[in-house]
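Structure below is data_34.pdb: PDB, C-alpha atoms, pLDDT in the B column.
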```pdb
ATOM      1  CA  GLN A 747     -28.528 -62.180  38.274  1.00 85.00           C
ATOM      2  CA  LEU A 748     -31.757 -63.536  36.841  1.00 92.00           C
ATOM      3  CA  HIS A 749     -32.367 -67.249  37.328  1.00 95.00           C
ATOM      4  CA  LEU A 750     -35.030 -69.043  35.273  1.00 97.00           C
ATOM      5  CA  VAL A 751     -36.504 -72.467  35.954  1.00 97.00           C
ATOM      6  CA  GLU A 752     -38.938 -74.178  33.586  1.00 98.00           C
ATOM      7  CA  SER A 753     -41.429 -76.832  34.605  1.00 98.00           C
ATOM      8  CA  GLY A 754     -44.572 -78.506  33.326  1.00 98.00           C
ATOM      9  CA  GLY A 755     -43.213 -80.614  30.517  1.00 98.00           C
ATOM     10  CA  GLY A 756     -44.184 -84.229  30.016  1.00 98.00           C
ATOM     11  CA  LEU A 757     -45.651 -86.834  27.722  1.00 98.00           C
ATOM     12  CA  VAL A 758     -48.974 -86.040  26.083  1.00 98.00           C
ATOM     13  CA  GLN A 759     -51.028 -87.504  23.256  1.00 98.00           C
ATOM     14  CA  PRO A 760     -51.700 -85.550  20.066  1.00 98.00           C
ATOM     15  CA  GLY A 761     -54.524 -83.110  20.653  1.00 98.00           C
ATOM     16  CA  GLY A 762     -53.701 -82.822  24.333  1.00 98.00           C
ATOM     17  CA  SER A 763     -52.603 -79.825  26.383  1.00 98.00           C
ATOM     18  CA  LEU A 764     -49.772 -78.819  28.651  1.00 98.00           C
ATOM     19  CA  ARG A 765     -48.935 -75.656  30.554  1.00 98.00           C
ATOM     20  CA  LEU A 766     -45.300 -74.758  30.925  1.00 98.00           C
ATOM     21  CA  SER A 767     -44.105 -72.425  33.658  1.00 98.00           C
ATOM     22  CA  CYS A 768     -40.985 -70.290  33.797  1.00 97.00           C
ATOM     23  CA  ALA A 769     -40.272 -69.119  37.328  1.00 97.00           C
ATOM     24  CA  ALA A 770     -37.871 -66.207  37.647  1.00 96.00           C
ATOM     25  CA  SER A 771     -35.796 -65.347  40.700  1.00 93.00           C
ATOM     26  CA  GLY A 772     -33.044 -62.895  41.495  1.00 92.00           C
ATOM     27  CA  LEU A 773     -34.709 -60.036  39.649  1.00 91.00           C
ATOM     28  CA  THR A 774     -38.290 -59.107  38.832  1.00 90.00           C
ATOM     29  CA  LEU A 775     -39.498 -59.398  35.259  1.00 89.00           C
ATOM     30  CA  ASP A 776     -40.585 -55.779  34.979  1.00 88.00           C
ATOM     31  CA  ASP A 777     -39.641 -54.325  31.603  1.00 90.00           C
ATOM     32  CA  TYR A 778     -38.269 -57.551  30.190  1.00 94.00           C
ATOM     33  CA  ALA A 779     -38.529 -59.472  26.963  1.00 95.00           C
ATOM     34  CA  VAL A 780     -39.340 -63.098  27.731  1.00 96.00           C
ATOM     35  CA  GLY A 781     -39.374 -65.801  25.131  1.00 97.00           C
ATOM     36  CA  TRP A 782     -40.157 -69.473  24.844  1.00 98.00           C
ATOM     37  CA  PHE A 783     -37.978 -71.507  22.518  1.00 98.00           C
ATOM     38  CA  ARG A 784     -37.869 -75.173  21.622  1.00 98.00           C
ATOM     39  CA  GLN A 785     -35.320 -77.513  20.189  1.00 98.00           C
ATOM     40  CA  ALA A 786     -36.050 -80.866  18.610  1.00 96.00           C
ATOM     41  CA  PRO A 787     -33.313 -83.483  18.158  1.00 91.00           C
ATOM     42  CA  GLY A 788     -31.080 -82.591  15.248  1.00 94.00           C
ATOM     43  CA  LYS A 789     -32.743 -79.220  14.727  1.00 96.00           C
ATOM     44  CA  GLU A 790     -31.891 -75.658  15.596  1.00 96.00           C
ATOM     45  CA  ARG A 791     -33.484 -73.897  18.518  1.00 97.00           C
ATOM     46  CA  GLU A 792     -36.539 -71.985  17.331  1.00 98.00           C
ATOM     47  CA  GLY A 793     -38.648 -69.246  18.815  1.00 98.00           C
ATOM     48  CA  VAL A 794     -42.141 -70.283  19.826  1.00 98.00           C
ATOM     49  CA  SER A 795     -43.510 -67.207  21.556  1.00 98.00           C
ATOM     50  CA  GLY A 796     -42.403 -63.949  23.126  1.00 97.00           C
ATOM     51  CA  ILE A 797     -43.841 -61.321  25.424  1.00 96.00           C
ATOM     52  CA  SER A 798     -42.794 -57.841  26.446  1.00 95.00           C
ATOM     53  CA  THR A 799     -43.584 -57.355  30.112  1.00 92.00           C
ATOM     54  CA  ARG A 800     -43.375 -53.613  29.475  1.00 90.00           C
ATOM     55  CA  ASP A 801     -46.623 -53.526  27.505  1.00 90.00           C
ATOM     56  CA  ASP A 802     -47.769 -57.177  27.461  1.00 91.00           C
ATOM     57  CA  LYS A 803     -47.460 -57.414  23.695  1.00 94.00           C
ATOM     58  CA  THR A 804     -47.257 -61.023  22.600  1.00 97.00           C
ATOM     59  CA  PHE A 805     -45.775 -62.742  19.587  1.00 97.00           C
ATOM     60  CA  TYR A 806     -46.070 -66.250  18.180  1.00 98.00           C
ATOM     61  CA  ALA A 807     -44.498 -68.424  15.570  1.00 98.00           C
ATOM     62  CA  ASP A 808     -46.896 -69.211  12.735  1.00 97.00           C
ATOM     63  CA  SER A 809     -46.716 -72.891  13.629  1.00 97.00           C
ATOM     64  CA  VAL A 810     -48.292 -72.308  17.061  1.00 98.00           C
ATOM     65  CA  LYS A 811     -50.656 -69.383  16.474  1.00 98.00           C
ATOM     66  CA  GLY A 812     -54.124 -70.154  17.747  1.00 98.00           C
ATOM     67  CA  ARG A 813     -52.867 -73.099  19.816  1.00 98.00           C
ATOM     68  CA  PHE A 814     -50.344 -71.610  22.250  1.00 98.00           C
ATOM     69  CA  THR A 815     -50.810 -68.690  24.626  1.00 98.00           C
ATOM     70  CA  ILE A 816     -48.081 -66.877  26.534  1.00 98.00           C
ATOM     71  CA  SER A 817     -48.981 -65.024  29.717  1.00 96.00           C
ATOM     72  CA  THR A 818     -47.478 -63.534  32.834  1.00 93.00           C
ATOM     73  CA  ASP A 819     -48.210 -63.604  36.543  1.00 90.00           C
ATOM     74  CA  ASN A 820     -46.431 -60.570  37.920  1.00 83.00           C
ATOM     75  CA  ALA A 821     -47.159 -61.467  41.519  1.00 84.00           C
ATOM     76  CA  LYS A 822     -45.438 -64.822  41.062  1.00 80.00           C
ATOM     77  CA  ASN A 823     -42.765 -63.485  38.686  1.00 92.00           C
ATOM     78  CA  THR A 824     -43.661 -66.323  36.372  1.00 96.00           C
ATOM     79  CA  ILE A 825     -44.258 -66.672  32.643  1.00 96.00           C
ATOM     80  CA  TYR A 826     -46.564 -69.373  31.321  1.00 98.00           C
ATOM     81  CA  LEU A 827     -46.989 -71.085  27.982  1.00 98.00           C
ATOM     82  CA  GLN A 828     -50.353 -72.763  27.577  1.00 98.00           C
ATOM     83  CA  MET A 829     -50.144 -75.308  24.794  1.00 98.00           C
ATOM     84  CA  ASN A 830     -53.325 -76.760  23.346  1.00 98.00           C
ATOM     85  CA  SER A 831     -54.042 -79.061  20.409  1.00 98.00           C
ATOM     86  CA  LEU A 832     -50.529 -80.396  20.600  1.00 98.00           C
ATOM     87  CA  LYS A 833     -49.038 -82.032  17.539  1.00 98.00           C
ATOM     88  CA  LEU A 834     -46.257 -84.546  17.071  1.00 97.00           C
ATOM     89  CA  GLU A 835     -44.042 -81.797  15.701  1.00 97.00           C
ATOM     90  CA  ASP A 836     -44.327 -79.832  18.946  1.00 98.00           C
ATOM     91  CA  THR A 837     -42.008 -82.348  20.563  1.00 98.00           C
ATOM     92  CA  GLY A 838     -38.776 -80.921  21.893  1.00 98.00           C
ATOM     93  CA  VAL A 839     -36.996 -79.344  24.809  1.00 98.00           C
ATOM     94  CA  TYR A 840     -38.648 -76.065  25.701  1.00 98.00           C
ATOM     95  CA  TYR A 841     -36.596 -73.209  27.095  1.00 98.00           C
ATOM     96  CA  CYS A 842     -37.567 -69.863  28.506  1.00 98.00           C
ATOM     97  CA  ALA A 843     -35.275 -66.906  28.129  1.00 97.00           C
ATOM     98  CA  ALA A 844     -35.267 -63.302  29.292  1.00 96.00           C
ATOM     99  CA  GLY A 845     -33.576 -60.086  28.320  1.00 93.00           C
ATOM    100  CA  PRO A 846     -33.940 -56.632  29.880  1.00 89.00           C
ATOM    101  CA  GLY A 847     -35.500 -53.582  28.302  1.00 82.00           C
ATOM    102  CA  PRO A 848     -37.234 -54.670  25.078  1.00 82.00           C
ATOM    103  CA  ASN A 849     -37.018 -51.902  22.492  1.00 81.00           C
ATOM    104  CA  ASP A 850     -39.462 -50.876  19.797  1.00 84.00           C
ATOM    105  CA  LEU A 851     -38.014 -53.456  17.428  1.00 89.00           C
ATOM    106  CA  TYR A 852     -38.712 -56.379  19.740  1.00 92.00           C
ATOM    107  CA  GLY A 853     -41.747 -57.354  17.707  1.00 90.00           C
ATOM    108  CA  SER A 854     -39.472 -58.000  14.736  1.00 91.00           C
ATOM    109  CA  VAL A 855     -36.748 -59.880  16.581  1.00 93.00           C
ATOM    110  CA  TRP A 856     -38.502 -61.681  19.437  1.00 95.00           C
ATOM    111  CA  TYR A 857     -37.576 -65.079  17.949  1.00 94.00           C
ATOM    112  CA  LYS A 858     -33.843 -64.324  17.801  1.00 95.00           C
ATOM    113  CA  THR A 859     -31.821 -66.022  20.536  1.00 94.00           C
ATOM    114  CA  TYR A 860     -29.472 -63.031  20.777  1.00 93.00           C
ATOM    115  CA  GLU A 861     -32.310 -60.933  22.204  1.00 94.00           C
ATOM    116  CA  TYR A 862     -32.059 -62.826  25.488  1.00 96.00           C
ATOM    117  CA  ASP A 863     -29.353 -62.865  28.140  1.00 95.00           C
ATOM    118  CA  ASP A 864     -30.575 -65.491  30.569  1.00 96.00           C
ATOM    119  CA  TRP A 865     -31.848 -68.977  29.830  1.00 97.00           C
ATOM    120  CA  GLY A 866     -33.434 -71.765  31.797  1.00 97.00           C
ATOM    121  CA  GLN A 867     -32.312 -75.379  31.728  1.00 97.00           C
ATOM    122  CA  GLY A 868     -35.258 -76.554  29.628  1.00 98.00           C
ATOM    123  CA  THR A 869     -38.167 -78.928  30.063  1.00 98.00           C
ATOM    124  CA  GLN A 870     -38.952 -81.878  27.789  1.00 98.00           C
ATOM    125  CA  VAL A 871     -42.251 -81.986  25.925  1.00 98.00           C
ATOM    126  CA  THR A 872     -43.057 -85.201  24.107  1.00 98.00           C
ATOM    127  CA  VAL A 873     -46.160 -85.525  21.972  1.00 98.00           C
ATOM    128  CA  SER A 874     -46.741 -89.140  21.082  1.00 97.00           C
ATOM    129  CA  SER A 875     -49.572 -91.592  20.638  1.00 95.00           C
TER     130      SER A 875
END
```
Rewrite the structure from the file as structure tokens, please.
Amino acid sequence: QLHLVESGGGLVQPGGSLRLSCAASGLTLDDYAVGWFRQAPGKEREGVSGISTRDDKTFYADSVKGRFTISTDNAKNTIYLQMNSLKLEDTGVYYCAAGPGPNDLYGSVWYKTYEYDDWGQGTQVTVSS
């Protein structure tokens, strides 16, 4: 059973940066699809970024392209989300999620919650002046 724990959230001013971590235990993240999602109050959960650990292909929502970077540390079995130039609308609870064996269509569906079997508990990110 894969267990995911997010950390690194907090309060930051607009224009600031945060790095979120998603530490996996129980299984290694070889050949997995891993995604970062966020949910603002009163809104649906939305995909922010995804990565296939099979080939390290990465995917981003248009709203975060050029500002966020997803990466992996295989030795630590951890996925990171570096968030720069944060905006007020980036506020929300951020979740990481993982699903085994991404297929060739992953690039088209990375932002769909049904692609992932295991979810972390979330970490709060608040962007405020």
Report as a list in words all protein, DNA and RNA residues lying within 12 Å of A:Asp819, evaluated on only C-alpha atoms, omitting residues in the same chain fewer than 3 positions from it.
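Here the answer would be Ser767, Cys768, Ala769, Ala770, Thr774, Leu775, Asp776, Thr799, Asp802, Ile816, Lys822, Asn823, Thr824, Ile825, Tyr826 and Leu827 of chain A.
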Report task. To verify the selection step, state as a VMD selection string which residues the PyMOL selection byres ((chain A and resi 748-765) around 9) yields on this input. Result -> chain A and resid 747 766 to 775 826 to 834 839 to 844 864 to 875
Would you give the centre and edge lengths, in Å to one decimal, of a box along x, y and z around the listed atoms of stretch 818-835 of chain A, with 5 Å added to each side, as lines of an AutoDock Vina configuration file?
```
center_x = -48.4
center_y = -72.6
center_z = 28.6
size_x = 21.3
size_y = 34.0
size_z = 35.8
```
task = Name the residues that the PyMOL selection byres ((chain A and resi 803) around 10) picks from the file above, as an MDAnalysis selection string, using the file's chain letters and numbers.
result = chainID A and resid 779 796:802 804:805 816:817 852:853
Could you save the residues just selected, with C-alpha atoms, as a PDB file, keeping the file's coordinate frame?
```
ATOM      1  CA  ALA A 779     -38.529 -59.472  26.963  1.00 95.00           C
ATOM      2  CA  GLY A 796     -42.403 -63.949  23.126  1.00 97.00           C
ATOM      3  CA  ILE A 797     -43.841 -61.321  25.424  1.00 96.00           C
ATOM      4  CA  SER A 798     -42.794 -57.841  26.446  1.00 95.00           C
ATOM      5  CA  THR A 799     -43.584 -57.355  30.112  1.00 92.00           C
ATOM      6  CA  ARG A 800     -43.375 -53.613  29.475  1.00 90.00           C
ATOM      7  CA  ASP A 801     -46.623 -53.526  27.505  1.00 90.00           C
ATOM      8  CA  ASP A 802     -47.769 -57.177  27.461  1.00 91.00           C
ATOM      9  CA  THR A 804     -47.257 -61.023  22.600  1.00 97.00           C
ATOM     10  CA  PHE A 805     -45.775 -62.742  19.587  1.00 97.00           C
ATOM     11  CA  ILE A 816     -48.081 -66.877  26.534  1.00 98.00           C
ATOM     12  CA  SER A 817     -48.981 -65.024  29.717  1.00 96.00           C
ATOM     13  CA  TYR A 852     -38.712 -56.379  19.740  1.00 92.00           C
ATOM     14  CA  GLY A 853     -41.747 -57.354  17.707  1.00 90.00           C
TER      15      GLY A 853
END
```
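Atom CA of A:Tyr857 sits 25.7 Å away from atom CA of A:Ala821.
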*For A:Gln785, which residue among A:Asp836, A:Asn820, A:Arg813, A:Tyr806 is the nearest when counting all atoms listed in the file?*
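Using all atoms listed in the file, the shortest distance to A:Gln785 belongs to A:Asp836.
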Computed gap from atom CA of A:Pro846 to atom CA of A:Glu792 is 20.0 Å
Review point. Using all atoms listed in the file, which of A:Gly781, A:Val794, A:Lys789, A:Val855 sits nearest A:Phe814?
Key: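 Closest candidate: A:Val794.
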One decimal place gives the atom CA of A:Ala807-atom CA of A:Pro787 separation as 18.9 Å
Mind listing whatever residues come within 7 Å of the point (-39.9, -50.4, 29.8)? Use only C-alpha atoms, file coordinates, and give them as a PDB file with C-alpha atoms, keeping the file's coordinate frame.
```
ATOM      1  CA  ASP A 777     -39.641 -54.325  31.603  1.00 90.00           C
ATOM      2  CA  ARG A 800     -43.375 -53.613  29.475  1.00 90.00           C
ATOM      3  CA  GLY A 847     -35.500 -53.582  28.302  1.00 82.00           C
ATOM      4  CA  PRO A 848     -37.234 -54.670  25.078  1.00 82.00           C
TER       5      PRO A 848
END
```
Between A:Val810, A:Trp856, A:Gly838, A:Thr815, smallest distance to A:Gly788 by all atoms listed in the file belongs to A:Gly838
Using only C-alpha atoms, the best pick from A:Glu790, A:Gly845, A:Arg784, A:Gly812 as closest to A:Asp863 would be A:Gly845
Where atoms are missing, can you supply N, CA, C and O atoms for stretch 827-844 of chain A and output the lot as a JSON list (two decimals), in the coordinates of the input?
```json
[["chain", "number", "residue", "atom", "x", "y", "z"],
["A", 827, "LEU", "N", -46.69, -70.77, 29.37],
["A", 827, "LEU", "CA", -46.99, -71.08, 27.98],
["A", 827, "LEU", "C", -48.05, -72.18, 27.99],
["A", 827, "LEU", "O", -47.75, -73.33, 28.32],
["A", 828, "GLN", "N", -49.26, -71.79, 27.69],
["A", 828, "GLN", "CA", -50.35, -72.76, 27.58],
["A", 828, "GLN", "C", -50.33, -73.33, 26.18],
["A", 828, "GLN", "O", -50.40, -72.58, 25.19],
["A", 829, "MET", "N", -50.25, -74.64, 26.08],
["A", 829, "MET", "CA", -50.14, -75.31, 24.79],
["A", 829, "MET", "C", -51.33, -76.24, 24.62],
["A", 829, "MET", "O", -51.49, -77.19, 25.39],
["A", 830, "ASN", "N", -52.15, -75.94, 23.65],
["A", 830, "ASN", "CA", -53.32, -76.76, 23.35],
["A", 830, "ASN", "C", -53.20, -77.39, 21.97],
["A", 830, "ASN", "O", -52.37, -76.97, 21.16],
["A", 831, "SER", "N", -54.03, -78.39, 21.73],
["A", 831, "SER", "CA", -54.04, -79.06, 20.41],
["A", 831, "SER", "C", -52.63, -79.44, 19.98],
["A", 831, "SER", "O", -52.23, -79.18, 18.84],
["A", 832, "LEU", "N", -51.93, -80.07, 20.87],
["A", 832, "LEU", "CA", -50.53, -80.40, 20.60],
["A", 832, "LEU", "C", -50.40, -81.39, 19.45],
["A", 832, "LEU", "O", -51.24, -82.28, 19.28],
["A", 833, "LYS", "N", -49.33, -81.20, 18.70],
["A", 833, "LYS", "CA", -49.04, -82.03, 17.54],
["A", 833, "LYS", "C", -47.71, -82.76, 17.75],
["A", 833, "LYS", "O", -46.89, -82.36, 18.59],
["A", 834, "LEU", "N", -47.51, -83.79, 16.97],
["A", 834, "LEU", "CA", -46.26, -84.55, 17.07],
["A", 834, "LEU", "C", -45.05, -83.64, 16.90],
["A", 834, "LEU", "O", -44.03, -83.80, 17.60],
["A", 835, "GLU", "N", -45.18, -82.68, 15.99],
["A", 835, "GLU", "CA", -44.04, -81.80, 15.70],
["A", 835, "GLU", "C", -43.78, -80.75, 16.78],
["A", 835, "GLU", "O", -42.82, -79.98, 16.68],
["A", 836, "ASP", "N", -44.59, -80.72, 17.81],
["A", 836, "ASP", "CA", -44.33, -79.83, 18.95],
["A", 836, "ASP", "C", -43.33, -80.45, 19.93],
["A", 836, "ASP", "O", -42.92, -79.80, 20.90],
["A", 837, "THR", "N", -42.96, -81.67, 19.69],
["A", 837, "THR", "CA", -42.01, -82.35, 20.56],
["A", 837, "THR", "C", -40.66, -81.65, 20.58],
["A", 837, "THR", "O", -40.16, -81.24, 19.52],
["A", 838, "GLY", "N", -40.09, -81.53, 21.76],
["A", 838, "GLY", "CA", -38.78, -80.92, 21.89],
["A", 838, "GLY", "C", -38.50, -80.48, 23.32],
["A", 838, "GLY", "O", -39.37, -80.63, 24.19],
["A", 839, "VAL", "N", -37.32, -79.95, 23.52],
["A", 839, "VAL", "CA", -37.00, -79.34, 24.81],
["A", 839, "VAL", "C", -37.39, -77.87, 24.72],
["A", 839, "VAL", "O", -36.99, -77.17, 23.79],
["A", 840, "TYR", "N", -38.17, -77.44, 25.69],
["A", 840, "TYR", "CA", -38.65, -76.06, 25.70],
["A", 840, "TYR", "C", -37.86, -75.25, 26.72],
["A", 840, "TYR", "O", -37.69, -75.67, 27.87],
["A", 841, "TYR", "N", -37.39, -74.10, 26.27],
["A", 841, "TYR", "CA", -36.60, -73.21, 27.10],
["A", 841, "TYR", "C", -37.28, -71.86, 27.23],
["A", 841, "TYR", "O", -37.87, -71.37, 26.27],
["A", 842, "CYS", "N", -37.19, -71.26, 28.40],
["A", 842, "CYS", "CA", -37.57, -69.86, 28.51],
["A", 842, "CYS", "C", -36.30, -69.03, 28.62],
["A", 842, "CYS", "O", -35.25, -69.51, 29.06],
["A", 843, "ALA", "N", -36.42, -67.81, 28.17],
["A", 843, "ALA", "CA", -35.28, -66.91, 28.13],
["A", 843, "ALA", "C", -35.75, -65.49, 28.39],
["A", 843, "ALA", "O", -36.90, -65.15, 28.09],
["A", 844, "ALA", "N", -34.88, -64.67, 28.95],
["A", 844, "ALA", "CA", -35.27, -63.30, 29.29],
["A", 844, "ALA", "C", -34.14, -62.33, 28.98],
["A", 844, "ALA", "O", -32.96, -62.67, 29.11]]
```
